[in-house]
$ cat run_25.txt   # compact mmCIF, C-alpha atoms
# COMPACT_ATOMS: atom_id res chain seq x y z
CA MET A 1204 0.00 0.00 0.00
CA SER A 1205 1.12 3.63 0.26
CA GLY A 1206 3.36 5.31 2.82
CA ALA A 1207 5.35 3.19 5.21
CA ASN A 1208 3.84 -0.02 3.91
CA ALA A 1209 4.80 0.58 0.27
CA PRO A 1210 7.81 -1.40 -0.98
CA SER A 1211 10.91 0.51 -1.98
CA PRO A 1212 12.04 0.62 -5.63
CA ASP A 1213 14.87 -1.79 -4.80
CA ALA A 1214 12.35 -4.22 -3.33
CA VAL A 1215 10.35 -4.20 -6.55
CA PHE A 1216 13.12 -4.00 -9.16
CA GLY A 1217 16.06 -5.44 -7.21
CA ALA A 1218 19.41 -3.81 -6.61
CA GLY A 1219 20.44 -4.48 -10.19
CA GLY A 1220 17.32 -2.97 -11.69
CA ARG A 1221 15.68 -6.25 -12.69
CA ALA A 1222 11.97 -6.75 -11.97
CA VAL A 1223 11.50 -9.30 -9.22
CA CYS A 1224 8.01 -8.31 -8.05
CA GLY A 1225 6.03 -10.91 -6.15
CA GLY A 1226 8.58 -13.67 -6.68
CA ILE A 1227 7.76 -14.02 -10.41
CA HIS A 1228 11.44 -13.57 -11.31
CA SER A 1229 13.38 -16.80 -11.11
CA GLY A 1230 15.57 -15.26 -8.43
CA GLY A 1231 12.53 -15.27 -6.21
CA ALA A 1232 10.97 -12.61 -4.07
CA GLY A 1233 8.18 -13.14 -1.59
CA VAL A 1234 5.77 -10.75 -0.03
CA ASP A 1235 5.77 -10.32 3.74
CA ARG A 1236 2.70 -9.45 5.83
CA GLY A 1237 3.92 -5.94 6.36
CA GLY A 1238 3.56 -4.95 2.73
CA GLY A 1239 7.22 -5.28 1.55
CA PHE A 1240 9.06 -8.03 -0.27
CA SER A 1241 11.49 -10.62 0.98
CA TYR A 1242 14.00 -12.63 -1.03
CA SER A 1243 13.14 -16.31 -1.47
CA PRO A 1244 15.36 -18.47 -3.73
CA GLY A 1245 12.58 -20.99 -4.18
CA GLY A 1246 10.41 -18.68 -6.29
CA MET A 1247 6.82 -17.80 -5.38
CA ASN A 1248 6.43 -18.54 -1.65
CA THR A 1249 3.63 -20.15 0.31
CA ALA A 1250 2.28 -16.86 1.67
CA MET A 1251 1.74 -15.50 -1.84
CA LEU A 1252 0.01 -18.68 -2.98
CA GLN A 1253 -2.26 -18.46 0.06
CA GLN A 1254 -3.10 -14.84 -0.73
CA LEU A 1255 -3.90 -15.69 -4.32
CA GLY A 1256 -6.07 -18.63 -3.30
CA VAL A 1257 -8.07 -16.67 -0.71
CA SER A 1258 -8.41 -13.72 -3.09
CA LEU A 1259 -9.74 -15.98 -5.83
CA LEU A 1260 -12.19 -17.76 -3.48
CA LEU A 1261 -13.57 -14.52 -2.04
CA GLY A 1262 -14.03 -13.10 -5.53
CA LEU A 1263 -15.81 -16.27 -6.65
CA LEU A 1264 -18.05 -16.16 -3.56
CA VAL A 1265 -19.22 -12.60 -4.10
CA GLY A 1266 -19.38 -13.11 -7.85
CA LEU A 1267 -21.57 -16.18 -7.37
CA GLN A 1268 -24.08 -14.09 -5.44
CA ARG A 1269 -24.07 -11.34 -8.08
CA GLU A 1270 -24.47 -13.91 -10.86
CA ARG A 1271 -27.45 -15.46 -9.08
CA ALA A 1272 -28.92 -11.97 -8.57
CA ARG A 1273 -28.68 -11.48 -12.36
CA ALA A 1274 -26.40 -8.47 -12.11
CA THR A 1275 -25.78 -7.33 -15.69
CA LEU A 1276 -22.55 -5.43 -15.09
CA ALA A 1277 -20.38 -8.04 -13.35
CA GLY A 1278 -20.72 -11.73 -12.52
CA ILE A 1279 -18.73 -14.56 -11.03
CA ARG A 1280 -15.72 -14.31 -13.37
CA THR A 1281 -15.48 -10.53 -13.21
CA PHE A 1282 -15.52 -10.42 -9.41
CA ALA A 1283 -12.91 -13.18 -9.19
CA LEU A 1284 -10.64 -11.28 -11.60
CA LEU A 1285 -11.18 -8.00 -9.76
CA THR A 1286 -10.16 -9.44 -6.40
CA VAL A 1287 -7.09 -11.19 -7.78
CA CYS A 1288 -6.16 -8.02 -9.65
CA GLY A 1289 -6.24 -6.10 -6.37
CA THR A 1290 -3.84 -8.58 -4.78
CA VAL A 1291 -1.40 -8.45 -7.70
CA CYS A 1292 -1.50 -4.64 -7.74
CA ALA A 1293 -0.65 -4.58 -4.04
CA TRP A 1294 2.40 -6.74 -4.74
CA LEU A 1295 3.58 -4.27 -7.37
CA GLY A 1296 3.35 -1.25 -5.08
CA GLY A 1297 1.09 1.35 -3.52
CA TRP A 1298 0.97 3.58 -6.58
CA VAL A 1299 -0.16 0.63 -8.72
CA VAL A 1300 -3.06 0.02 -6.30
CA VAL A 1301 -4.17 3.64 -6.60
CA ALA A 1302 -3.99 3.46 -10.40
CA GLY A 1303 -5.83 0.14 -10.47
CA LEU A 1304 -8.54 1.47 -8.16
CA ALA A 1305 -9.01 4.47 -10.46
CA VAL A 1306 -9.29 2.20 -13.51
CA VAL A 1307 -11.79 -0.11 -11.81
CA GLY A 1308 -13.86 2.84 -10.66
CA GLY A 1309 -13.81 4.31 -14.15
CA LEU A 1310 -14.91 1.03 -15.75
CA PHE A 1311 -17.82 0.67 -13.35
CA ALA A 1312 -18.83 4.30 -13.82
CA THR A 1313 -18.83 3.82 -17.59
CA GLY A 1314 -20.96 0.71 -17.28
CA TYR A 1315 -23.38 2.42 -14.91
CA PHE A 1316 -24.00 5.39 -17.20
CA ALA A 1317 -24.33 3.08 -20.21
CA ARG A 1318 -27.07 1.13 -18.41
CA ALA A 1319 -28.79 4.32 -17.33
CA ARG A 1320 -28.84 5.66 -20.89
CA GLY A 1321 -30.14 2.31 -22.13
CA GLY A 1322 -33.18 2.58 -19.91
CA ASP A 1323 -32.21 -0.25 -17.57
CA PRO A 1324 -34.60 -0.04 -14.59
CA GLU A 1325 -31.99 -1.65 -12.30
CA THR A 1326 -29.60 1.28 -12.05
CA GLY A 1327 -28.56 0.85 -8.43
CA LEU A 1328 -24.92 1.12 -7.41
CA THR A 1329 -24.72 -2.11 -5.41
CA THR A 1330 -22.72 -4.10 -7.96
CA GLU A 1331 -20.40 -1.18 -8.69
CA VAL A 1332 -19.65 -0.52 -5.03
CA ALA A 1333 -19.18 -4.24 -4.37
CA GLY A 1334 -16.73 -4.47 -7.28
CA VAL A 1335 -14.58 -1.58 -6.05
CA LEU A 1336 -14.68 -2.99 -2.52
CA MET A 1337 -13.56 -6.45 -3.66
CA PHE A 1338 -10.64 -4.93 -5.59
CA ALA A 1339 -9.61 -3.07 -2.44
CA LEU A 1340 -10.08 -6.24 -0.40
CA GLY A 1341 -7.81 -8.13 -2.79
CA ALA A 1342 -5.16 -5.45 -2.25
CA TYR A 1343 -5.63 -5.65 1.51
CA LEU A 1344 -4.99 -9.39 1.40
CA ALA A 1345 -1.37 -8.71 0.40
CA THR A 1346 -0.61 -6.65 3.51
CA GLY A 1347 -3.29 -7.11 6.16
CA PRO A 1348 -4.25 -9.97 8.48
CA LEU A 1349 -5.82 -12.82 6.55
CA PRO A 1350 -8.76 -13.45 8.97
CA VAL A 1351 -9.89 -9.84 8.68
CA ALA A 1352 -10.01 -10.09 4.89
CA VAL A 1353 -11.93 -13.38 5.03
CA VAL A 1354 -14.49 -11.98 7.47
CA CYS A 1355 -14.91 -8.84 5.37
CA GLY A 1356 -15.40 -10.81 2.16
CA GLY A 1357 -17.91 -13.13 3.80
CA ALA A 1358 -19.79 -10.15 5.22
CA VAL A 1359 -20.02 -8.59 1.75
CA ALA A 1360 -21.52 -11.79 0.31
CA VAL A 1361 -24.04 -12.06 3.16
CA MET A 1362 -25.07 -8.41 2.86
CA LEU A 1363 -25.66 -8.81 -0.86
CA GLN A 1364 -27.66 -11.99 -0.32
CA TRP A 1365 -29.85 -10.42 2.39
CA LYS A 1366 -31.18 -7.70 0.12
CA GLN A 1367 -34.84 -8.66 0.48
CA PRO A 1368 -34.90 -9.24 4.27
CA LEU A 1369 -33.00 -6.01 4.89
CA HIS A 1370 -35.33 -4.00 2.68
CA GLU A 1371 -38.37 -5.55 4.36
CA PHE A 1372 -36.91 -4.73 7.77
CA VAL A 1373 -36.35 -1.09 6.82
CA ARG A 1374 -39.82 -0.78 5.30
CA GLY A 1375 -41.28 -2.18 8.51
CA LEU A 1376 -39.72 0.53 10.66
CA ASP A 1377 -41.84 3.47 11.74
CA GLU A 1378 -40.68 6.86 12.99
CA ARG A 1379 -40.44 5.62 16.58
CA ASP A 1380 -38.16 2.76 15.53
CA VAL A 1381 -35.83 5.04 13.58
CA ALA A 1382 -35.79 7.43 16.55
CA ALA A 1383 -34.76 4.53 18.81
CA ILE A 1384 -31.83 3.64 16.54
CA MET A 1385 -30.69 7.25 16.16
CA GLN A 1386 -30.94 7.90 19.88
CA PHE A 1387 -28.78 4.85 20.53
CA VAL A 1388 -26.23 6.32 18.10
CA LEU A 1389 -26.41 9.59 20.06
CA ILE A 1390 -25.92 7.78 23.36
CA THR A 1391 -23.05 5.64 22.07
CA LEU A 1392 -21.10 7.62 19.47
CA VAL A 1393 -21.75 11.24 20.46
CA ILE A 1394 -22.09 11.43 24.24
CA LEU A 1395 -19.82 8.58 25.38
CA PRO A 1396 -16.54 9.69 23.71
CA VAL A 1397 -16.61 13.20 25.23
CA LEU A 1398 -17.13 12.15 28.86
CA PRO A 1399 -14.12 12.33 31.20
CA ASN A 1400 -12.68 8.96 32.17
CA ARG A 1401 -11.65 9.64 35.78
CA PRO A 1402 -13.31 9.37 39.20
CA PHE A 1403 -15.20 12.24 40.83
CA GLY A 1404 -17.20 12.84 43.98
CA PRO A 1405 -17.26 11.21 47.41
CA PHE A 1406 -15.54 7.83 47.72
CA ALA A 1407 -14.17 8.35 44.16
CA VAL A 1408 -16.83 6.06 42.66
CA LEU A 1409 -18.36 8.39 40.04
CA ASN A 1410 -16.54 7.94 36.75
CA PRO A 1411 -18.73 9.60 34.04
CA PHE A 1412 -17.27 7.56 31.19
CA GLN A 1413 -17.68 4.22 32.95
CA ILE A 1414 -21.17 5.08 34.17
CA TRP A 1415 -22.31 6.00 30.67
CA LEU A 1416 -20.55 2.98 29.16
CA LEU A 1417 -22.66 0.73 31.36
CA VAL A 1418 -25.75 2.73 30.39
CA VAL A 1419 -24.85 1.96 26.76
CA LEU A 1420 -24.62 -1.74 27.64
CA ILE A 1421 -28.08 -1.86 29.24
CA VAL A 1422 -29.72 0.28 26.55
CA GLY A 1423 -28.04 -1.89 23.90
CA LEU A 1424 -29.49 -5.05 25.45
CA ASN A 1425 -32.92 -3.45 25.55
CA LEU A 1426 -32.63 -2.24 21.97
CA THR A 1427 -31.57 -5.70 20.79
CA GLY A 1428 -34.67 -7.17 22.35
CA TYR A 1429 -36.78 -4.42 20.83
CA VAL A 1430 -35.41 -5.11 17.32
CA VAL A 1431 -36.13 -8.83 17.72
CA TYR A 1432 -39.61 -7.96 18.94
CA LYS A 1433 -40.16 -5.79 15.86
CA LEU A 1434 -39.04 -8.63 13.59
CA VAL A 1435 -41.15 -11.44 15.04
CA GLY A 1436 -43.25 -9.89 17.79
CA HIS A 1437 -46.51 -9.84 15.89
CA ARG A 1438 -46.12 -13.57 15.22
CA ALA A 1439 -45.02 -14.41 18.76
CA GLY A 1440 -46.69 -17.22 20.66
CA THR A 1441 -46.78 -17.63 24.39
CA ILE A 1442 -43.18 -18.78 24.93
CA LEU A 1443 -41.64 -16.32 22.49
CA ASN A 1444 -43.76 -13.55 23.95
CA GLY A 1445 -42.27 -14.17 27.38
CA VAL A 1446 -38.72 -14.31 26.05
CA LEU A 1447 -39.11 -11.13 24.01
CA GLY A 1448 -40.76 -9.38 26.92
CA GLY A 1449 -37.84 -10.29 29.17
CA LEU A 1450 -35.33 -9.02 26.61
CA VAL A 1451 -37.00 -5.62 26.44
CA SER A 1452 -38.43 -5.20 29.96
CA SER A 1453 -39.82 -7.88 32.27
CA THR A 1454 -41.55 -5.25 34.40
CA ALA A 1455 -43.31 -3.68 31.40
CA THR A 1456 -44.35 -7.16 30.24
CA THR A 1457 -45.80 -7.88 33.68
CA VAL A 1458 -47.83 -4.66 33.58
CA THR A 1459 -49.16 -5.50 30.12
CA PHE A 1460 -50.12 -9.14 30.70
CA ALA A 1461 -51.48 -8.60 34.20
CA ARG A 1462 -54.44 -6.86 32.55
CA ARG A 1463 -55.13 -9.72 30.13
CA PRO A 1464 -57.62 -12.48 30.93
CA THR A 1465 -55.72 -15.09 28.90
CA GLY A 1466 -54.67 -18.21 30.77
CA ALA A 1467 -51.17 -17.94 29.29
CA ALA A 1468 -50.50 -14.63 31.06
CA ALA A 1469 -48.88 -16.34 34.08
CA LEU A 1470 -46.49 -18.26 31.81
CA VAL A 1471 -45.55 -15.12 29.84
CA ILE A 1472 -44.85 -13.16 33.04
CA LEU A 1473 -42.80 -16.01 34.50
CA LEU A 1474 -40.75 -16.41 31.30
CA ALA A 1475 -40.07 -12.67 31.10
CA SER A 1476 -38.77 -12.76 34.68
CA THR A 1477 -36.68 -15.84 33.86
CA VAL A 1478 -34.92 -14.01 31.03
CA MET A 1479 -33.85 -11.45 33.64
CA TYR A 1480 -31.29 -13.96 34.93
CA ALA A 1481 -29.99 -14.61 31.42
CA ARG A 1482 -29.52 -10.84 31.03
CA LEU A 1483 -27.65 -10.75 34.34
CA LEU A 1484 -25.23 -13.40 33.07
CA VAL A 1485 -24.54 -11.31 29.97
CA VAL A 1486 -23.97 -8.18 32.07
CA ILE A 1487 -21.64 -9.99 34.48
CA GLY A 1488 -19.64 -11.52 31.64
CA THR A 1489 -19.26 -8.09 30.04
CA VAL A 1490 -18.54 -5.93 33.09
CA ALA A 1491 -16.66 -8.37 35.36
CA PRO A 1492 -15.24 -11.15 33.15
CA ASP A 1493 -12.47 -12.00 35.63
CA ARG A 1494 -15.07 -12.88 38.29
CA PHE A 1495 -17.60 -14.45 35.94
CA VAL A 1496 -17.15 -18.07 37.09
CA ASP A 1497 -17.69 -17.29 40.78
CA LEU A 1498 -20.57 -14.87 40.16
CA ALA A 1499 -22.31 -16.79 37.40
CA ALA A 1500 -22.74 -20.13 39.20
CA PRO A 1501 -25.48 -19.02 41.66
CA ILE A 1502 -27.13 -16.85 38.99
CA ALA A 1503 -27.21 -19.88 36.68
CA ILE A 1504 -28.85 -21.92 39.43
CA MET A 1505 -31.57 -19.29 39.77
CA LEU A 1506 -32.01 -19.36 35.99
CA ALA A 1507 -32.35 -23.16 36.05
CA LEU A 1508 -34.91 -22.97 38.88
CA CYS A 1509 -37.04 -20.47 36.94
CA LEU A 1510 -36.81 -22.60 33.79
CA ALA A 1511 -37.94 -25.68 35.70
CA ILE A 1512 -40.95 -23.83 37.15
CA ALA A 1513 -41.78 -22.42 33.71
CA ALA A 1514 -41.57 -25.89 32.14
CA ALA A 1515 -43.93 -27.28 34.78
CA THR A 1516 -46.32 -24.38 34.16
CA PHE A 1517 -46.19 -25.00 30.42
CA ARG A 1518 -47.09 -28.67 30.89
CA ARG A 1519 -49.98 -27.92 33.26
CA GLU A 1520 -51.56 -25.12 31.27
CA ARG A 1521 -52.50 -25.12 27.64
CA ALA A 1522 -50.20 -22.81 25.67
CA GLU A 1523 -52.23 -20.14 23.97
CA GLN A 1524 -51.28 -17.81 21.17
CA SER A 1525 -51.23 -14.24 22.38
CA GLU A 1526 -50.47 -10.85 20.95
CA ALA A 1527 -47.05 -9.40 21.58
CA ALA A 1528 -46.95 -6.77 24.28
CA PRO A 1529 -46.36 -3.22 23.04
CA HIS A 1530 -43.08 -1.70 24.18
CA GLY A 1531 -41.83 1.86 24.14
CA ASN A 1532 -38.57 3.24 22.80
CA PRO A 1533 -35.78 1.50 24.80
CA ALA A 1534 -33.11 3.97 23.67
CA GLU A 1535 -34.97 7.16 24.56
CA LEU A 1536 -32.58 9.78 25.89
CA LYS A 1537 -34.62 10.51 29.00
CA TYR A 1538 -34.57 6.80 29.86
CA ALA A 1539 -30.78 6.73 29.46
CA LEU A 1540 -30.37 9.87 31.60
CA GLY A 1541 -32.72 8.49 34.24
CA PHE A 1542 -30.87 5.18 34.37
CA ALA A 1543 -27.49 6.99 34.59
CA ALA A 1544 -28.78 9.12 37.47
CA LEU A 1545 -30.14 6.06 39.30
CA PHE A 1546 -26.91 4.15 38.72
CA ALA A 1547 -24.74 7.03 39.97
CA PHE A 1548 -26.99 7.47 43.01
CA LEU A 1549 -26.74 3.77 43.86
CA LEU A 1550 -22.96 3.87 43.48
CA LEU A 1551 -22.81 6.62 46.09
CA VAL A 1552 -25.34 4.95 48.38
CA VAL A 1553 -23.67 1.55 48.24
CA ALA A 1554 -20.23 3.06 48.86
CA ALA A 1555 -21.53 5.18 51.74
CA VAL A 1556 -23.44 2.32 53.35
CA LYS A 1557 -20.46 0.00 52.97
CA ASN A 1558 -18.21 2.62 54.60
CA THR A 1559 -20.65 3.40 57.46
CA PHE A 1560 -22.48 0.18 58.28
CA GLY A 1561 -20.32 -2.46 56.68
CA THR A 1562 -21.53 -5.29 54.47
CA SER A 1563 -24.78 -5.89 56.36
CA GLY A 1564 -26.18 -2.51 55.35
CA LEU A 1565 -25.77 -3.34 51.68
CA TYR A 1566 -28.50 -5.98 51.84
CA VAL A 1567 -31.05 -3.31 52.79
CA VAL A 1568 -29.95 -1.21 49.81
CA ALA A 1569 -30.17 -4.23 47.47
CA GLY A 1570 -33.64 -5.16 48.71
CA ILE A 1571 -35.01 -1.65 48.19
CA SER A 1572 -33.25 -0.73 44.93
CA GLY A 1573 -34.08 -4.08 43.33
CA LEU A 1574 -37.83 -3.52 43.60
CA PRO A 1575 -38.26 -1.49 40.38
CA ASP A 1576 -35.09 -2.56 38.52
CA VAL A 1577 -32.21 -5.02 38.98
CA ASP A 1578 -29.76 -3.62 36.42
CA ALA A 1579 -28.64 -0.52 38.33
CA LEU A 1580 -27.89 -2.42 41.55
CA THR A 1581 -26.11 -5.15 39.58
CA LEU A 1582 -23.86 -2.66 37.80
CA SER A 1583 -23.01 -0.74 40.98
CA THR A 1584 -22.16 -4.03 42.74
CA LEU A 1585 -19.93 -5.12 39.85
CA GLN A 1586 -18.13 -1.78 39.95
CA LEU A 1587 -17.33 -2.27 43.64
CA LEU A 1588 -16.18 -5.82 42.91
CA ASN A 1589 -13.87 -4.63 40.15
CA SER A 1590 -12.36 -1.99 42.42
CA GLY A 1591 -11.74 -4.51 45.19
CA ARG A 1592 -14.13 -2.87 47.66
CA LEU A 1593 -16.44 -5.88 47.83
CA ASP A 1594 -15.89 -9.63 47.97
CA THR A 1595 -17.43 -12.01 45.45
CA ALA A 1596 -19.59 -13.92 47.95
CA THR A 1597 -21.31 -10.73 49.07
CA GLY A 1598 -21.56 -9.42 45.50
CA TRP A 1599 -23.62 -12.24 44.03
CA ARG A 1600 -25.83 -12.37 47.13
CA LEU A 1601 -26.67 -8.69 46.67
CA ILE A 1602 -27.56 -9.32 43.02
CA VAL A 1603 -29.74 -12.33 43.88
CA LEU A 1604 -31.47 -10.41 46.68
CA ALA A 1605 -32.23 -7.52 44.29
CA SER A 1606 -33.72 -9.99 41.80
CA LEU A 1607 -35.92 -11.53 44.49
CA ALA A 1608 -37.12 -8.06 45.49
CA ASN A 1609 -38.00 -7.50 41.85
CA PHE A 1610 -40.13 -10.67 41.89
CA VAL A 1611 -41.99 -9.28 44.92
CA PHE A 1612 -42.53 -5.98 43.10
CA LYS A 1613 -43.94 -7.71 40.01
CA ALA A 1614 -46.21 -9.88 42.16
CA GLY A 1615 -47.58 -6.65 43.60
CA ILE A 1616 -48.24 -5.37 40.08
CA VAL A 1617 -50.25 -8.50 39.29
CA ALA A 1618 -52.18 -8.15 42.57
CA ALA A 1619 -53.06 -4.54 41.72
CA LEU A 1620 -53.88 -4.95 38.02
CA GLY A 1621 -54.73 -8.61 37.42
CA SER A 1622 -57.43 -11.06 38.37
CA ARG A 1623 -57.44 -13.00 41.61
CA GLN A 1624 -56.79 -16.28 39.81
CA LEU A 1625 -53.78 -14.83 37.95
CA PHE A 1626 -52.35 -13.48 41.21
CA GLN A 1627 -52.72 -16.87 42.87
CA ASN A 1628 -50.89 -18.55 39.98
CA ILE A 1629 -48.11 -15.94 40.05
CA ALA A 1630 -47.84 -15.96 43.85
CA VAL A 1631 -47.24 -19.72 43.95
CA ARG A 1632 -44.61 -19.69 41.22
CA PHE A 1633 -42.84 -16.52 42.34
CA GLY A 1634 -42.96 -17.84 45.91
CA LEU A 1635 -41.03 -20.94 44.85
CA VAL A 1636 -38.41 -18.76 43.14
CA ILE A 1637 -38.07 -16.53 46.22
CA LEU A 1638 -37.74 -19.50 48.59
CA GLY A 1639 -35.14 -21.05 46.30
CA GLY A 1640 -33.18 -17.81 46.19
CA ILE A 1641 -33.23 -17.39 49.97
CA ALA A 1642 -32.04 -20.98 50.44
CA LEU A 1643 -29.27 -20.38 47.92
CA MET A 1644 -28.04 -17.27 49.75
CA LEU A 1645 -28.13 -19.01 53.13
CA PHE A 1646 -26.57 -22.36 52.31
CA TRP A 1647 -24.20 -21.64 49.41
CA PRO A 1648 -20.65 -21.95 50.86
CA ARG A 1649 -18.70 -18.72 51.20
$ encode --input "run_25.txt" --output "structure tokens"
Amino acid sequence: MSGANAPSPDAVFGAGGRAVCGGIHSGGAGVDRGGGFSYSPGGMNTAMLQQLGVSLLLGLLVGLQRERARATLAGIRTFALLTVCGTVCAWLGGWVVVAGLAVVGGLFATGYFARARGGDPETGLTTEVAGVLMFALGAYLATGPLPVAVVCGGAVAVMLQWKQPLHEFVRGLDERDVAAIMQFVLITLVILPVLPNRPFGPFAVLNPFQIWLLVVLIVGLNLTGYVVYKLVGHRAGTILNGVLGGLVSSTATTVTFARRPTGAAALVILLASTVMYARLLVVIGTVAPDRFVDLAAPIAIMLALCLAIAAATFRRERAEQSEAAPHGNPAELKYALGFAALFAFLLLVVAAVKNTFGTSGLYVVAGISGLPDVDALTLSTLQLLNSGRLDTATGWRLIVLASLANFVFKAGIVAALGSRQLFQNIAVRFGLVILGGIALMLFWPR
């Protein structure tokens, strides 16, 4: 390529002025992974053959998709030649790549305008852009890491193949969905990079960058569930409804289904609460990977207990098809700001209680803060664990206690909004979960 990675004239033409590019000369020269050339008396080396082979295969892969899509401008042979041409140009030098890229772009531009003048209704730029990209990818193969090039080429083929599903997904979005995506971009790419990454405030526990990074994690999980809900929510049955509801918000799902007379409401609410433990495992693995094994074991037991109760409920009650619960924008800025404020407040409270009353006071905080939401208490606990201010045995017990408090809170929602029969069903099942959690906290060895 250009700059520091470009081979010197002596590397291309040899000290005596003879062309030895790419090992084609009988004297032998091989390309190294840094973009230059190395002398190899055996002729073309293994690395170059590997680059050629991968380049050809990636070009054939993308070309196969374009051929099947009946692209008139370039097919399987053209894409294979383009990718190999990019690799060969990279061997010859950075300036050759630039010239080759200009020629390829010019050829595609000529073909595009010829089709447009001929009245071809398919005048999109997909094939043209894919062709230029594959040429550049072939050039990258000569200097960059091979796995990156393979992943990129595979991604191009998949993106081209998924034209119809992607278009249908975009057409299915409404203004609220686009707002959710754009607000997540605002939260992640605009606000996060400008926040200071150092501790502030009492007990030095308020790091704006880390707080907002964890907000991005939770909002990202919610948005992922929301996207899945948008894709299949209207076709969701009882089990899928509970899973999707737990991915977006188990509390919101409880509020929605508590008002419904359907007999499957108890199963949906229980499944949504079960997914809460799966979310906790993801959060723990992301925020505290070094402590994941110790923290995840009791959480996994709680997940297994909920799954067993849900399976028994599914066998006892007839599974009914039910409408997906409506959910609001999970990436709304006011939600993110509210969660950040709650998280920061809990960080201060937990640190202050730990400093004043010791570990025992933290259980009161976990029981109260876990009522409306488990995520904030979980993240604040993991932060203290990472900083060494809390031991692992206490950490997972606080998280489990907060989750049990959340079960109590959701049972109260059902009692206030649902029928007496639904509350009785929920009370029995949630009661088993709460008893199991208490036993786990008491008898699990420290």
$ closest_residue --input "run_25.txt" --among "A:Thr1249, A:Gln1624, A:Ser1476, A:Thr1427" --to "Thr1454 in chain A" --atoms "all atoms listed in the file"
A:Ser1476
$ closest_residue --input "run_25.txt" --among "A:Pro1348, A:Gly1357, A:Gly1278, A:Gly1334" --to "Leu1304 in chain A" --atoms "all atoms listed in the file"
A:Gly1334
$ closest_residue --input "run_25.txt" --among "A:Phe1560, A:Phe1311, A:Trp1647, A:Phe1403" --to "Ile1502 in chain A" --atoms "all atoms listed in the file"
A:Trp1647
$ closest_residue --input "run_25.txt" --among "A:Gly1639, A:Gly1356, A:Pro1405, A:Pro1492" --to "Leu1264 in chain A" --atoms "all atoms listed in the file"
A:Gly1356
$ atom_distance --input "run_25.txt" --atom1 "CA of Ala1579 in chain A" --atom2 "CA of Asn1628 in chain A"
28.7 Å
$ atom_distance --input "run_25.txt" --atom1 "CA of Leu1620 in chain A" --atom2 "CA of Val1471 in chain A"
15.5 Å
$ closest_residue --input "run_25.txt" --among "A:Gly1564, A:Gly1297, A:Gly1303, A:Pro1399" --to "Leu1416 in chain A" --atoms "all atoms listed in the file"
A:Pro1399
$ residues_around --input "run_25.txt" --residues "Leu1565 in chain A" --least-positions-apart "6" --cutoff "7 Å" --atoms "only C-alpha atoms" --output "PyMOL selection string"
chain A and resi 1553+1556-1557
$ atom_distance --input "run_25.txt" --atom1 "CA of Val1257 in chain A" --atom2 "CA of Gly1314 in chain A"
27.3 Å
$ residues_around --input "run_25.txt" --residues "range 1535-1544 of chain A" --least-positions-apart "6" --cutoff "10 Å" --atoms "only C-alpha atoms" --output "list in words"
Arg1379, Ala1382, Ala1383, Ile1384, Met1385, Gln1386, Phe1387, Leu1389, Ile1390, Pro1411, Ile1414, Trp1415, Leu1416, Leu1417, Val1418, Val1419, Ile1421, Val1422, Leu1550, Asp1576, Asp1578 and Ala1579 of chain A
$ closest_residue --input "run_25.txt" --among "A:Thr1281, A:Thr1597, A:Ala1250, A:Ala1569" --to "Pro1648 in chain A" --atoms "only C-alpha atoms"
A:Thr1597
$ residues_around --input "run_25.txt" --residues "Ala1554 in chain A" --least-positions-apart "4" --cutoff "12 Å" --atoms "only C-alpha atoms" --output "ChimeraX atom specification"
/A:1404-1409,1547-1550,1558-1562,1564-1565,1568,1580,1583-1584,1586-1588,1590-1593
$ decode --input "run_25.txt" --residues "range 1491-1499 of chain A" --atoms "N, CA and C atoms" --output "PDB file, in the first residue's frame"
ATOM      1  N   ALA A1491     -17.625  -7.754  34.434  1.00  0.00           N
ATOM      2  CA  ALA A1491     -16.660  -8.368  35.357  1.00  0.00           C
ATOM      3  C   ALA A1491     -16.245  -9.749  34.858  1.00  0.00           C
ATOM      4  N   PRO A1492     -15.584  -9.833  33.711  1.00  0.00           N
ATOM      5  CA  PRO A1492     -15.237 -11.151  33.145  1.00  0.00           C
ATOM      6  C   PRO A1492     -14.290 -11.955  34.035  1.00  0.00           C
ATOM      7  N   ASP A1493     -13.412 -11.282  34.784  1.00  0.00           N
ATOM      8  CA  ASP A1493     -12.469 -11.998  35.635  1.00  0.00           C
ATOM      9  C   ASP A1493     -13.169 -12.727  36.784  1.00  0.00           C
ATOM     10  N   ARG A1494     -14.344 -12.268  37.173  1.00  0.00           N
ATOM     11  CA  ARG A1494     -15.072 -12.882  38.287  1.00  0.00           C
ATOM     12  C   ARG A1494     -16.296 -13.654  37.800  1.00  0.00           C
ATOM     13  N   PHE A1495     -16.380 -13.877  36.501  1.00  0.00           N
ATOM     14  CA  PHE A1495     -17.598 -14.452  35.938  1.00  0.00           C
ATOM     15  C   PHE A1495     -17.908 -15.826  36.514  1.00  0.00           C
ATOM     16  N   VAL A1496     -16.903 -16.697  36.640  1.00  0.00           N
ATOM     17  CA  VAL A1496     -17.152 -18.068  37.093  1.00  0.00           C
ATOM     18  C   VAL A1496     -17.768 -18.073  38.485  1.00  0.00           C
ATOM     19  N   ASP A1497     -17.184 -17.308  39.404  1.00  0.00           N
ATOM     20  CA  ASP A1497     -17.692 -17.291  40.778  1.00  0.00           C
ATOM     21  C   ASP A1497     -19.072 -16.652  40.872  1.00  0.00           C
ATOM     22  N   LEU A1498     -19.297 -15.580  40.086  1.00  0.00           N
ATOM     23  CA  LEU A1498     -20.572 -14.872  40.157  1.00  0.00           C
ATOM     24  C   LEU A1498     -21.671 -15.597  39.388  1.00  0.00           C
ATOM     25  N   ALA A1499     -21.294 -16.231  38.287  1.00  0.00           N
ATOM     26  CA  ALA A1499     -22.312 -16.795  37.396  1.00  0.00           C
ATOM     27  C   ALA A1499     -22.935 -18.075  37.928  1.00  0.00           C
TER      28      ALA A1499
END
